[in-house]
Amino acid sequence: MEKFTYSFPATKKITNRAHVGVVGSGDLEVLVEPTDDNQAVFEIRTGITGFQDTWKKVIERFVSLNDVSARITINDFGATPGIVSLRLAQAVEVSGNGKGYDE
Amino acid sequence: MVKVMTNSLVESLARERAFQLLDQGSAYEILGPFDRFGSPHLEKQNIVPQFDDGMIIVKGKLNGNDAVVISIEGKFQGGGIGEVSGAKFAGTLEKILKECKKGNRIYPIIIYDTGGVRLQEANYGLLSIAEISAAIVELREYVPVVGIIPGKIGSFGGMSLTAGLCSALIMTREGRLGMNGPEVIQQEAGIRELDSRNNPLIWKMIGGAARKEAGLIDILVEDDVQNFKEAILSVWNGEIEFKNRTKQIDHYLSLYKSCTLEERILPEVARELLATDTEIQDTELPVPTEVVESTGRKWFNLLTNGKPSISEVPSVLVADTTINGIKARVIAVVPNPENIYYRARKGEVGLLEGWTIAKYVQQAIDEDCDAAEKRLIIPIVDVPSQAFGYHEELLGLYLACSAAIDAYATARLAGHPIVTAIVGNAISGAFLSHGMQGNRLIALYDDGVNVHVMSKKSAAIITMRSIEELDEAAKEVPAMAYDIQSFQKLGALYQLLDGVNGKNPNDDDKKVLMDAIIDAYHDIQKHNDRDLSCRLTSEIAKNGGRAASIKVREMIEAQWK
């Protein structure tokens with residue numbers, strides 16, 4: 001298992017928290033929680049070791065497309081970069097529209 | 001033909017399932033992912049946890065009725081029950097029970113999608129399942145407990161024993177219900193016993209449709225959320241007659257006694273046998289020509305002063321005795337090399353054993369129903385496992401184990417003190433069925449005494465690790481270890497007796513165990529407790545042994561609205 005943290009400057013606030021996905025084969029869970037410190041902070045735990053460069057690229061790409069001040073937590077169970085990007089996009093969409101199940 | 005769009009429950013994740021069943025806008029989650037209460041034991045084993053630990057608790061309304069859905073996420077660790085997920089399940093049922101006792105009717109709905117105990121947290125799963133079972137048995141008296149097995153995993157292992165205790169079970173064709181999963185049977189008994197890849201056969205044995213035809217479940221539905229809702233409501237509205245299957249002891253016991261396995265029983269024949277509701281003539285089982293010594297038998301003979309067993313099944317010994325003037329019933333499961341069920345010849349708990357335990361515990365309850373002093377019950381535990389076999393799954397071993405659990409839990413609730421004496425192996429479903437429902441657990445500090453959920457070889461295959469890796473992990477997580485000292489660290493043992501010869505006990509050894517049993521008996525009387533809560537309130541449990549189990553229950557209480 002590997003853990004890493006990234007943070008990026010951000011400007012836009014989001015209203016709702018969101019949770020998507022499951023820590024199952026080839027998938028991951030993503031938590032998005034609004035923050036007001038103008039930062040996007042990523043905390044990642046992954047069961048697959050040795051892919052930190054790939055993670056960095058996926059996260060950088062996400063940040064270039066989404067400007068959100070949020071704490072984003074990821075528990076990964078071997079998702080491909082494509083799945084990670086989709087789950088992140090889904091989480092942001094859910095948080096924006098406030099359709100999270102727990103809300 | 002117009003094709004009607006369905007809203008699939010099977011294809012949804014556990015959280016979606018729970019919210020889909022409840023009235024829109026009525027529901028909220030307890031201990032959801034944002035509480036970040038994942039398993040504290042997985043990270044130590046290099047496994048990524050999930051923030052809800054794969055157990056989703058959602059409270060809301062269904063058709064205006066207060067309800068709580070307990071939904072297991074099968075995609076996370078195969079729906080396995082660990083300490084946190086188990087405590088969420090048990091703690092929620094305990095909370096509903098408390099509310100029901102106050103007169104607030106809250107309906108529990110359980111959505112099963114689980115392989116049973118999470119092998120990476122082994123004995124925590126075992127303890128949790130005992131607590132879940134205890135809660136269901138008590139709660140059923142206040143409100144129907146509905147279990148749903150939608151698939152795709154189904155309900156296996158210890159969780160199938162809790163399913164057997166539910167007031168009513170709803171399944172789809174895709175769901176499966178059985179004690180031992182096909183892969184484990186193949187591993188333990190060989191491919192000739194069961195080919196785990198023969199899916200058509202497996203669904204014919206333990207699939208939803210087969211279980212419905214055999215009369216082991218109540219409602220079979222097509223996968224659509226609305227169908228599940230209607231099925232649940234039909235149970236609540238009394239449209240379904242509760243079968244109380246675990247109480248049909250004479251019926252099932254005489255059925256299993258009447259079977260012969262000289263030829264393999266085919267699934268279609270088994271379904272017919274199980275569905276019979278006419279009275280089955282009692283068959284006398286042959287007396288074994290040879291008596292095999294076992295640790296359990298030695299201790300049974302010692303504690304009963306060699307009294308003959310009154311049991312009609314040779315592999316279960318039962319006798320009444322007095323210990324220091326206290327009336328007691330002693331029960332042990334022992335090997336019988338001539339058992340008609342050939343997978344249960346080494347002292348395993350199989351079909352006959354589960355139902356026989358149920359019979360003699362229930363008998364003690366009935367005989368003492370008017371007595372002020374209820375008889376002490378002493379399960380002597382020396383059980384290598386439950387029986388792994390084709391016929392066992394086909395004929396519903398899970399229900400035999402549920403019946404034994406039901407009987408012990410019912411006896412405990414009726415005021416029978418139960419003091420479990422662990423003198424040998426206490427493994428998995430066998431221990432859940434025989435011993436785990438005791439008010440107090442006493443074990444011998446002996447290398448022949450082990451507590452676990454699965455043989456190392458099978459556990460290694462299922463979790464895709466080597467035996468060396470398992471041993472390494474057990475050093476970090478005591479719940480994964482097999483030895484009794486590690487089990488003691490979880491705080492569930494009332495006493496661990498040192499200096500007793502477990503395998504060849506003499507009169508001095510007998511005295512030590514008897515004194516401990518009497519001490520436990522008085523402790524039960526003093527506290528007048530009839531539940532299993534002492535396992536969570538012991539010093540060891542509070543000081544870390546069950547830290548997460550305790551914290552989860554506190555958080556359920558705090559978040560309950």
# chains A, B, ... in the order shown; residues from 1 in each chain; ligands from 1
>>> residues_around(residues="Arg87 of chain A", least_positions_apart="3", cutoff="9 Å", atoms="only C-alpha atoms", output="JSON, numbers by chain")
{"A": [20, 21, 27, 28, 29, 30, 82, 83, 84, 90, 91, 92]}
>>> write_last_selection(atoms="C-alpha atoms", output="PDB file, in the first residue's frame")
ATOM      1  CA  VAL A  20     -18.752   8.134  -4.988  1.00  0.00           C
ATOM      2  CA  GLY A  21     -17.391   4.709  -5.797  1.00  0.00           C
ATOM      3  CA  ASP A  27     -12.458   0.785  -8.589  1.00  0.00           C
ATOM      4  CA  LEU A  28     -11.942   3.430  -5.910  1.00  0.00           C
ATOM      5  CA  GLU A  29     -13.901   5.595  -3.524  1.00  0.00           C
ATOM      6  CA  VAL A  30     -13.641   9.372  -3.670  1.00  0.00           C
ATOM      7  CA  GLY A  82      -9.317   6.404 -16.824  1.00  0.00           C
ATOM      8  CA  ILE A  83     -11.525   5.156 -14.005  1.00  0.00           C
ATOM      9  CA  VAL A  84      -9.819   7.491 -11.536  1.00  0.00           C
ATOM     10  CA  GLN A  90     -18.393  12.254 -11.018  1.00  0.00           C
ATOM     11  CA  ALA A  91     -17.596  13.336  -7.465  1.00  0.00           C
ATOM     12  CA  VAL A  92     -17.279  16.976  -8.495  1.00  0.00           C
TER      13      VAL A  92
END
>>> residues_around(residues="segment 2-15 of chain A", least_positions_apart="4", cutoff="8 Å", atoms="only C-alpha atoms", output="PyMOL selection string")
chain A and resi 34-36+38-49+63+67-70+95-96+98
>>> write_last_selection(atoms="N, CA and C atoms", output="tab-separated table (two decimals), in the first residue's frame")
chain	number	residue	atom	x	y	z
A	34	PRO	N	-16.02	20.36	0.84
A	34	PRO	CA	-15.70	21.77	0.61
A	34	PRO	C	-14.75	22.31	1.67
A	35	THR	N	-13.82	23.15	1.25
A	35	THR	CA	-12.95	23.85	2.21
A	35	THR	C	-12.92	25.31	1.80
A	36	ASP	N	-12.49	26.20	2.70
A	36	ASP	CA	-12.44	27.61	2.28
A	36	ASP	C	-11.03	28.18	2.40
A	38	ASN	N	-8.87	27.95	-0.10
A	38	ASN	CA	-8.38	28.11	-1.47
A	38	ASN	C	-7.27	27.12	-1.84
A	39	GLN	N	-7.53	25.89	-1.50
A	39	GLN	CA	-6.59	24.82	-1.86
A	39	GLN	C	-7.37	23.57	-2.26
A	40	ALA	N	-6.82	22.84	-3.17
A	40	ALA	CA	-7.34	21.50	-3.44
A	40	ALA	C	-6.30	20.52	-2.89
A	41	VAL	N	-6.71	19.81	-1.84
A	41	VAL	CA	-5.78	18.89	-1.19
A	41	VAL	C	-6.22	17.45	-1.48
A	42	PHE	N	-5.30	16.67	-1.98
A	42	PHE	CA	-5.59	15.27	-2.31
A	42	PHE	C	-4.85	14.34	-1.36
A	43	GLU	N	-5.60	13.43	-0.73
A	43	GLU	CA	-4.96	12.39	0.09
A	43	GLU	C	-5.31	11.06	-0.56
A	44	ILE	N	-4.27	10.33	-0.93
A	44	ILE	CA	-4.50	9.10	-1.71
A	44	ILE	C	-3.91	7.89	-0.98
A	45	ARG	N	-4.73	6.84	-0.91
A	45	ARG	CA	-4.22	5.54	-0.45
A	45	ARG	C	-4.47	4.55	-1.57
A	46	THR	N	-3.45	3.85	-1.98
A	46	THR	CA	-3.65	2.87	-3.06
A	46	THR	C	-2.98	1.54	-2.74
A	47	GLY	N	-3.64	0.48	-3.13
A	47	GLY	CA	-3.11	-0.86	-2.88
A	47	GLY	C	-2.05	-1.26	-3.89
A	48	ILE	N	-2.00	-0.53	-5.00
A	48	ILE	CA	-1.04	-0.86	-6.06
A	48	ILE	C	0.16	0.06	-5.91
A	49	THR	N	1.33	-0.50	-5.75
A	49	THR	CA	2.51	0.33	-5.51
A	49	THR	C	3.26	0.62	-6.81
A	63	VAL	N	-6.90	18.80	-11.89
A	63	VAL	CA	-6.84	20.16	-11.35
A	63	VAL	C	-6.87	21.19	-12.48
A	67	ASP	N	-11.36	23.69	-10.94
A	67	ASP	CA	-10.79	24.59	-9.94
A	67	ASP	C	-11.72	24.55	-8.72
A	68	VAL	N	-11.40	23.70	-7.77
A	68	VAL	CA	-12.27	23.57	-6.59
A	68	VAL	C	-11.44	23.61	-5.31
A	69	SER	N	-11.91	24.40	-4.37
A	69	SER	CA	-11.28	24.40	-3.06
A	69	SER	C	-11.92	23.27	-2.25
A	70	ALA	N	-11.17	22.20	-2.07
A	70	ALA	CA	-11.78	21.02	-1.45
A	70	ALA	C	-10.73	20.08	-0.88
A	95	SER	N	-21.08	16.85	-6.11
A	95	SER	CA	-20.95	17.89	-5.09
A	95	SER	C	-21.54	19.21	-5.60
A	96	GLY	N	-21.40	19.47	-6.90
A	96	GLY	CA	-21.93	20.71	-7.46
A	96	GLY	C	-23.43	20.74	-7.47
A	98	GLY	N	-25.39	18.84	-5.67
A	98	GLY	CA	-26.00	18.51	-4.38
A	98	GLY	C	-26.85	17.26	-4.41
>>> select_by_dssp(residues="chain A", states="helix (DSSP H, G or I)", output="PyMOL selection string")
chain A and resi 52-65+81-97
>>> write_last_selection(atoms="N, CA and C atoms", output="mmCIF file, in the first residue's frame")
data_model
loop_
_atom_site.group_PDB
_atom_site.id
_atom_site.type_symbol
_atom_site.label_atom_id
_atom_site.label_comp_id
_atom_site.auth_asym_id
_atom_site.auth_seq_id
_atom_site.Cartn_x
_atom_site.Cartn_y
_atom_site.Cartn_z
ATOM 1 N N GLN A 52 3.282 6.241 -8.640
ATOM 2 C CA GLN A 52 3.096 7.602 -8.143
ATOM 3 C C GLN A 52 3.121 8.634 -9.280
ATOM 4 N N ASP A 53 3.976 8.404 -10.272
ATOM 5 C CA ASP A 53 4.048 9.357 -11.393
ATOM 6 C C ASP A 53 2.712 9.443 -12.130
ATOM 7 N N THR A 54 2.120 8.277 -12.339
ATOM 8 C CA THR A 54 0.832 8.248 -13.029
ATOM 9 C C THR A 54 -0.225 9.002 -12.217
ATOM 10 N N TRP A 55 -0.239 8.738 -10.907
ATOM 11 C CA TRP A 55 -1.198 9.436 -10.038
ATOM 12 C C TRP A 55 -1.031 10.949 -10.170
ATOM 13 N N LYS A 56 0.235 11.363 -10.139
ATOM 14 C CA LYS A 56 0.505 12.798 -10.182
ATOM 15 C C LYS A 56 -0.081 13.400 -11.463
ATOM 16 N N LYS A 57 0.127 12.698 -12.560
ATOM 17 C CA LYS A 57 -0.379 13.208 -13.848
ATOM 18 C C LYS A 57 -1.904 13.252 -13.865
ATOM 19 N N VAL A 58 -2.520 12.208 -13.348
ATOM 20 C CA VAL A 58 -3.993 12.161 -13.340
ATOM 21 C C VAL A 58 -4.551 13.312 -12.496
ATOM 22 N N ILE A 59 -3.938 13.524 -11.345
ATOM 23 C CA ILE A 59 -4.419 14.584 -10.454
ATOM 24 C C ILE A 59 -4.179 15.967 -11.081
ATOM 25 N N GLU A 60 -3.000 16.126 -11.685
ATOM 26 C CA GLU A 60 -2.704 17.424 -12.332
ATOM 27 C C GLU A 60 -3.692 17.714 -13.449
ATOM 28 N N ARG A 61 -4.011 16.713 -14.182
ATOM 29 C CA ARG A 61 -4.984 16.891 -15.274
ATOM 30 C C ARG A 61 -6.353 17.285 -14.695
ATOM 31 N N PHE A 62 -6.734 16.604 -13.620
ATOM 32 C CA PHE A 62 -8.016 16.931 -12.975
ATOM 33 C C PHE A 62 -8.024 18.386 -12.512
ATOM 34 N N VAL A 63 -6.902 18.796 -11.885
ATOM 35 C CA VAL A 63 -6.836 20.158 -11.347
ATOM 36 C C VAL A 63 -6.868 21.194 -12.484
ATOM 37 N N SER A 64 -6.275 20.844 -13.615
ATOM 38 C CA SER A 64 -6.282 21.784 -14.742
ATOM 39 C C SER A 64 -7.693 21.970 -15.305
ATOM 40 N N LEU A 65 -8.541 20.976 -15.090
ATOM 41 C CA LEU A 65 -9.917 21.065 -15.610
ATOM 42 C C LEU A 65 -10.907 21.559 -14.560
ATOM 43 N N PRO A 81 -6.108 4.689 -14.666
ATOM 44 C CA PRO A 81 -6.164 6.157 -14.694
ATOM 45 C C PRO A 81 -7.496 6.674 -15.257
ATOM 46 N N GLY A 82 -8.026 5.994 -16.246
ATOM 47 C CA GLY A 82 -9.317 6.404 -16.824
ATOM 48 C C GLY A 82 -10.428 6.376 -15.801
ATOM 49 N N ILE A 83 -10.483 5.290 -15.033
ATOM 50 C CA ILE A 83 -11.525 5.156 -14.005
ATOM 51 C C ILE A 83 -11.335 6.231 -12.930
ATOM 52 N N VAL A 84 -10.073 6.476 -12.563
ATOM 53 C CA VAL A 84 -9.819 7.491 -11.536
ATOM 54 C C VAL A 84 -10.352 8.842 -12.009
ATOM 55 N N SER A 85 -10.052 9.198 -13.261
ATOM 56 C CA SER A 85 -10.510 10.485 -13.802
ATOM 57 C C SER A 85 -12.032 10.558 -13.808
ATOM 58 N N LEU A 86 -12.671 9.470 -14.223
ATOM 59 C CA LEU A 86 -14.141 9.457 -14.270
ATOM 60 C C LEU A 86 -14.746 9.620 -12.880
ATOM 61 N N ARG A 87 -14.207 8.895 -11.915
ATOM 62 C CA ARG A 87 -14.728 8.982 -10.541
ATOM 63 C C ARG A 87 -14.542 10.396 -9.974
ATOM 64 N N LEU A 88 -13.390 10.997 -10.261
ATOM 65 C CA LEU A 88 -13.155 12.364 -9.772
ATOM 66 C C LEU A 88 -14.176 13.321 -10.391
ATOM 67 N N ALA A 89 -14.382 13.186 -11.707
ATOM 68 C CA ALA A 89 -15.345 14.055 -12.387
ATOM 69 C C ALA A 89 -16.743 13.845 -11.819
ATOM 70 N N GLN A 90 -17.075 12.575 -11.580
ATOM 71 C CA GLN A 90 -18.393 12.254 -11.018
ATOM 72 C C GLN A 90 -18.562 12.890 -9.637
ATOM 73 N N ALA A 91 -17.518 12.790 -8.822
ATOM 74 C CA ALA A 91 -17.596 13.336 -7.465
ATOM 75 C C ALA A 91 -17.824 14.846 -7.499
ATOM 76 N N VAL A 92 -17.120 15.526 -8.404
ATOM 77 C CA VAL A 92 -17.279 16.976 -8.495
ATOM 78 C C VAL A 92 -18.686 17.329 -8.981
ATOM 79 N N GLU A 93 -19.169 16.542 -9.917
ATOM 80 C CA GLU A 93 -20.523 16.801 -10.415
ATOM 81 C C GLU A 93 -21.554 16.621 -9.302
ATOM 82 N N VAL A 94 -21.418 15.525 -8.553
ATOM 83 C CA VAL A 94 -22.357 15.269 -7.455
ATOM 84 C C VAL A 94 -22.283 16.406 -6.427
ATOM 85 N N SER A 95 -21.077 16.845 -6.113
ATOM 86 C CA SER A 95 -20.951 17.889 -5.092
ATOM 87 C C SER A 95 -21.538 19.207 -5.596
ATOM 88 N N GLY A 96 -21.399 19.472 -6.898
ATOM 89 C CA GLY A 96 -21.928 20.712 -7.456
ATOM 90 C C GLY A 96 -23.433 20.736 -7.471
ATOM 91 N N ASN A 97 -24.033 19.602 -7.829
ATOM 92 C CA ASN A 97 -25.487 19.583 -7.944
ATOM 93 C C ASN A 97 -26.187 19.187 -6.658
#
>>> residues_around(residues="segment 139-156 of chain B", least_positions_apart="3", cutoff="6 Å", atoms="only C-alpha atoms", output="list in words")
Val10, Leu97, Pro108, Ile109, Ile110, Ile111, Tyr112, Asp113, Thr114, Gly115, Gly116, Ala135, Ile136, Met159, Ser160, Cys166, Ser167, Ala168, Leu169, Ile170, Met171, Thr172, Glu174, Gly175, Arg176, Leu177, Gly178 and Met179 of chain B
>>> write_last_selection(atoms="N, CA and C atoms", output="PDB file, in the first residue's frame")
ATOM      1  N   VAL B  10     -30.171  -5.411  -7.706  1.00  0.00           N
ATOM      2  CA  VAL B  10     -28.980  -6.264  -7.778  1.00  0.00           C
ATOM      3  C   VAL B  10     -27.779  -5.486  -8.303  1.00  0.00           C
ATOM      4  N   LEU B  97     -33.505  -2.729  18.958  1.00  0.00           N
ATOM      5  CA  LEU B  97     -34.095  -3.516  20.043  1.00  0.00           C
ATOM      6  C   LEU B  97     -34.438  -2.625  21.230  1.00  0.00           C
ATOM      7  N   PRO B 108     -36.380  -3.490  11.014  1.00  0.00           N
ATOM      8  CA  PRO B 108     -35.047  -3.718  10.428  1.00  0.00           C
ATOM      9  C   PRO B 108     -35.148  -4.459   9.087  1.00  0.00           C
ATOM     10  N   ILE B 109     -34.370  -4.010   8.117  1.00  0.00           N
ATOM     11  CA  ILE B 109     -34.275  -4.697   6.822  1.00  0.00           C
ATOM     12  C   ILE B 109     -32.784  -4.950   6.572  1.00  0.00           C
ATOM     13  N   ILE B 110     -32.431  -6.200   6.365  1.00  0.00           N
ATOM     14  CA  ILE B 110     -31.017  -6.539   6.158  1.00  0.00           C
ATOM     15  C   ILE B 110     -30.809  -6.936   4.699  1.00  0.00           C
ATOM     16  N   ILE B 111     -29.880  -6.283   4.024  1.00  0.00           N
ATOM     17  CA  ILE B 111     -29.550  -6.689   2.647  1.00  0.00           C
ATOM     18  C   ILE B 111     -28.200  -7.406   2.670  1.00  0.00           C
ATOM     19  N   TYR B 112     -28.262  -8.720   2.478  1.00  0.00           N
ATOM     20  CA  TYR B 112     -27.058  -9.555   2.538  1.00  0.00           C
ATOM     21  C   TYR B 112     -26.348  -9.582   1.189  1.00  0.00           C
ATOM     22  N   ASP B 113     -25.040  -9.388   1.214  1.00  0.00           N
ATOM     23  CA  ASP B 113     -24.215  -9.618   0.026  1.00  0.00           C
ATOM     24  C   ASP B 113     -22.819  -9.884   0.572  1.00  0.00           C
ATOM     25  N   THR B 114     -22.592 -11.088   1.010  1.00  0.00           N
ATOM     26  CA  THR B 114     -21.427 -11.330   1.861  1.00  0.00           C
ATOM     27  C   THR B 114     -20.938 -12.774   1.827  1.00  0.00           C
ATOM     28  N   GLY B 115     -19.626 -12.905   1.892  1.00  0.00           N
ATOM     29  CA  GLY B 115     -19.021 -14.217   1.990  1.00  0.00           C
ATOM     30  C   GLY B 115     -18.905 -14.707   3.424  1.00  0.00           C
ATOM     31  N   GLY B 116     -19.292 -13.854   4.393  1.00  0.00           N
ATOM     32  CA  GLY B 116     -19.221 -14.253   5.797  1.00  0.00           C
ATOM     33  C   GLY B 116     -18.174 -13.442   6.535  1.00  0.00           C
ATOM     34  N   ALA B 135     -28.815 -10.615  18.731  1.00  0.00           N
ATOM     35  CA  ALA B 135     -29.736  -9.493  18.591  1.00  0.00           C
ATOM     36  C   ALA B 135     -30.946  -9.876  17.745  1.00  0.00           C
ATOM     37  N   ILE B 136     -30.729 -10.636  16.668  1.00  0.00           N
ATOM     38  CA  ILE B 136     -31.866 -11.020  15.809  1.00  0.00           C
ATOM     39  C   ILE B 136     -32.850 -11.884  16.593  1.00  0.00           C
ATOM     40  N   MET B 159     -22.593 -15.408   8.123  1.00  0.00           N
ATOM     41  CA  MET B 159     -23.728 -14.539   7.838  1.00  0.00           C
ATOM     42  C   MET B 159     -24.945 -15.331   7.386  1.00  0.00           C
ATOM     43  N   SER B 160     -24.722 -16.505   6.792  1.00  0.00           N
ATOM     44  CA  SER B 160     -25.872 -17.320   6.403  1.00  0.00           C
ATOM     45  C   SER B 160     -26.593 -17.839   7.651  1.00  0.00           C
ATOM     46  N   CYS B 166     -33.600 -14.935  10.478  1.00  0.00           N
ATOM     47  CA  CYS B 166     -34.542 -13.859  10.130  1.00  0.00           C
ATOM     48  C   CYS B 166     -35.986 -14.366  10.139  1.00  0.00           C
ATOM     49  N   SER B 167     -36.922 -13.456  10.400  1.00  0.00           N
ATOM     50  CA  SER B 167     -38.342 -13.823  10.402  1.00  0.00           C
ATOM     51  C   SER B 167     -38.781 -14.239   9.010  1.00  0.00           C
ATOM     52  N   ALA B 168     -38.266 -13.542   7.995  1.00  0.00           N
ATOM     53  CA  ALA B 168     -38.628 -13.875   6.616  1.00  0.00           C
ATOM     54  C   ALA B 168     -37.454 -13.541   5.704  1.00  0.00           C
ATOM     55  N   LEU B 169     -37.281 -14.351   4.658  1.00  0.00           N
ATOM     56  CA  LEU B 169     -36.187 -14.130   3.707  1.00  0.00           C
ATOM     57  C   LEU B 169     -36.739 -13.908   2.302  1.00  0.00           C
ATOM     58  N   ILE B 170     -36.188 -12.893   1.632  1.00  0.00           N
ATOM     59  CA  ILE B 170     -36.563 -12.564   0.264  1.00  0.00           C
ATOM     60  C   ILE B 170     -35.320 -12.753  -0.607  1.00  0.00           C
ATOM     61  N   MET B 171     -35.463 -13.441  -1.733  1.00  0.00           N
ATOM     62  CA  MET B 171     -34.310 -13.655  -2.618  1.00  0.00           C
ATOM     63  C   MET B 171     -34.686 -13.391  -4.071  1.00  0.00           C
ATOM     64  N   THR B 172     -33.663 -13.256  -4.900  1.00  0.00           N
ATOM     65  CA  THR B 172     -33.853 -13.302  -6.345  1.00  0.00           C
ATOM     66  C   THR B 172     -33.262 -14.624  -6.823  1.00  0.00           C
ATOM     67  N   GLU B 174     -30.861 -14.860  -8.693  1.00  0.00           N
ATOM     68  CA  GLU B 174     -29.421 -14.680  -8.745  1.00  0.00           C
ATOM     69  C   GLU B 174     -28.753 -14.923  -7.387  1.00  0.00           C
ATOM     70  N   GLY B 175     -29.497 -14.696  -6.317  1.00  0.00           N
ATOM     71  CA  GLY B 175     -28.943 -14.837  -4.981  1.00  0.00           C
ATOM     72  C   GLY B 175     -28.634 -16.296  -4.654  1.00  0.00           C
ATOM     73  N   ARG B 176     -27.702 -16.484  -3.726  1.00  0.00           N
ATOM     74  CA  ARG B 176     -27.392 -17.829  -3.231  1.00  0.00           C
ATOM     75  C   ARG B 176     -27.375 -17.788  -1.715  1.00  0.00           C
ATOM     76  N   LEU B 177     -27.743 -18.897  -1.113  1.00  0.00           N
ATOM     77  CA  LEU B 177     -27.753 -18.966   0.348  1.00  0.00           C
ATOM     78  C   LEU B 177     -27.149 -20.298   0.769  1.00  0.00           C
ATOM     79  N   GLY B 178     -26.030 -20.243   1.467  1.00  0.00           N
ATOM     80  CA  GLY B 178     -25.391 -21.473   1.915  1.00  0.00           C
ATOM     81  C   GLY B 178     -24.365 -21.174   2.977  1.00  0.00           C
ATOM     82  N   MET B 179     -23.931 -22.214   3.661  1.00  0.00           N
ATOM     83  CA  MET B 179     -22.952 -22.027   4.720  1.00  0.00           C
ATOM     84  C   MET B 179     -21.539 -21.903   4.133  1.00  0.00           C
TER      85      MET B 179
END
>>> residues_around(residues="Val23 of chain A", least_positions_apart="4", cutoff="12 Å", atoms="only C-alpha atoms", output="PyMOL selection string")
(chain A and resi 19+27-31+45-47+74-79+84+87) or (chain B and resi 13+33+38+47-54+73-79)
>>> atom_distance(atom1="atom CA of Glu241 of chain B", atom2="atom CA of Phe228 of chain B")
17.5 Å
>>> residues_around(residues="Val32 of chain A", least_positions_apart="6", cutoff="6 Å", atoms="only C-alpha atoms", output="PyMOL selection string")
chain A and resi 17-18+71-72
>>> residues_around(residues="Leu220 of chain B", least_positions_apart="2", cutoff="8 Å", atoms="only C-alpha atoms", output="number ranges by chain")
B: 170-173, 208-209, 212, 217-218, 222
>>> closest_residue(among="B:Thr92, B:Thr295, B:Ser85, B:Gln226", to="Asn7 of chain B", atoms="only C-alpha atoms")
B:Gln226
>>> atom_distance(atom1="atom CA of Ser315 of chain B", atom2="atom CA of Val349 of chain B")
9.0 Å
>>> residues_around(residues="Leu126 of chain B", least_positions_apart="2", cutoff="8 Å", atoms="only C-alpha atoms", output="ChimeraX atom specification")
/B:117,122-124,128-130,158,428,432,453
>>> write_last_selection(atoms="C-alpha atoms", output="compact mmCIF listing (two decimals), in the first residue's frame")
# COMPACT_ATOMS: atom_id res chain seq x y z
CA VAL B 117 -16.39 -13.44 8.16
CA ALA B 122 -11.17 -13.40 11.52
CA ASN B 123 -12.13 -13.66 15.18
CA TYR B 124 -13.60 -10.15 15.25
CA SER B 128 -19.65 -9.89 15.69
CA ILE B 129 -21.70 -12.64 14.12
CA ALA B 130 -22.48 -14.09 17.55
CA GLY B 158 -21.45 -17.09 9.46
CA SER B 428 -15.81 -21.12 12.70
CA LEU B 432 -20.84 -20.15 16.41
CA VAL B 453 -12.70 -19.23 11.21
>>> select_by_dssp(residues="segment 229-332 of chain B", states="strand (DSSP E or B)", output="PyMOL selection string")
chain B and resi 316-323+326-332
>>> write_last_selection(atoms="N, CA and C atoms", output="short mmCIF file (atom, residue, chain, number, x, y, z; two decimals), in the first residue's frame")
data_model
loop_
_atom_site.label_atom_id
_atom_site.label_comp_id
_atom_site.auth_asym_id
_atom_site.auth_seq_id
_atom_site.Cartn_x
_atom_site.Cartn_y
_atom_site.Cartn_z
N VAL B 316 -23.59 -36.41 19.11
CA VAL B 316 -23.85 -35.35 20.09
C VAL B 316 -24.14 -36.03 21.42
N LEU B 317 -23.34 -35.69 22.42
CA LEU B 317 -23.53 -36.28 23.75
C LEU B 317 -24.29 -35.28 24.63
N VAL B 318 -25.28 -35.80 25.33
CA VAL B 318 -26.09 -34.94 26.20
C VAL B 318 -26.35 -35.69 27.51
N ALA B 319 -26.11 -35.04 28.63
CA ALA B 319 -26.48 -35.66 29.91
C ALA B 319 -26.75 -34.58 30.94
N ASP B 320 -27.65 -34.90 31.86
CA ASP B 320 -27.91 -34.01 32.99
C ASP B 320 -27.12 -34.48 34.19
N THR B 321 -26.61 -33.52 34.93
CA THR B 321 -25.79 -33.87 36.08
C THR B 321 -25.95 -32.76 37.12
N THR B 322 -25.33 -32.94 38.27
CA THR B 322 -25.28 -31.83 39.22
C THR B 322 -23.83 -31.53 39.53
N ILE B 323 -23.52 -30.25 39.53
CA ILE B 323 -22.17 -29.81 39.85
C ILE B 323 -22.28 -28.91 41.07
N ILE B 326 -25.64 -27.84 41.74
CA ILE B 326 -26.35 -27.08 40.70
C ILE B 326 -26.70 -28.01 39.55
N LYS B 327 -27.96 -27.99 39.17
CA LYS B 327 -28.39 -28.84 38.05
C LYS B 327 -27.81 -28.32 36.74
N ALA B 328 -27.27 -29.22 35.96
CA ALA B 328 -26.64 -28.77 34.71
C ALA B 328 -26.86 -29.78 33.60
N ARG B 329 -26.98 -29.27 32.37
CA ARG B 329 -27.00 -30.12 31.18
C ARG B 329 -25.71 -29.90 30.42
N VAL B 330 -25.00 -31.00 30.16
CA VAL B 330 -23.72 -30.92 29.47
C VAL B 330 -23.90 -31.43 28.03
N ILE B 331 -23.38 -30.68 27.07
CA ILE B 331 -23.54 -31.06 25.66
C ILE B 331 -22.19 -31.03 24.96
N ALA B 332 -21.86 -32.10 24.25
CA ALA B 332 -20.59 -32.14 23.50
C ALA B 332 -20.83 -32.74 22.12
#
>>> closest_residue(among="B:Phe487, B:Phe19, B:Tyr408, B:Tyr445", to="Ile427 of chain B", atoms="only C-alpha atoms")
B:Phe487
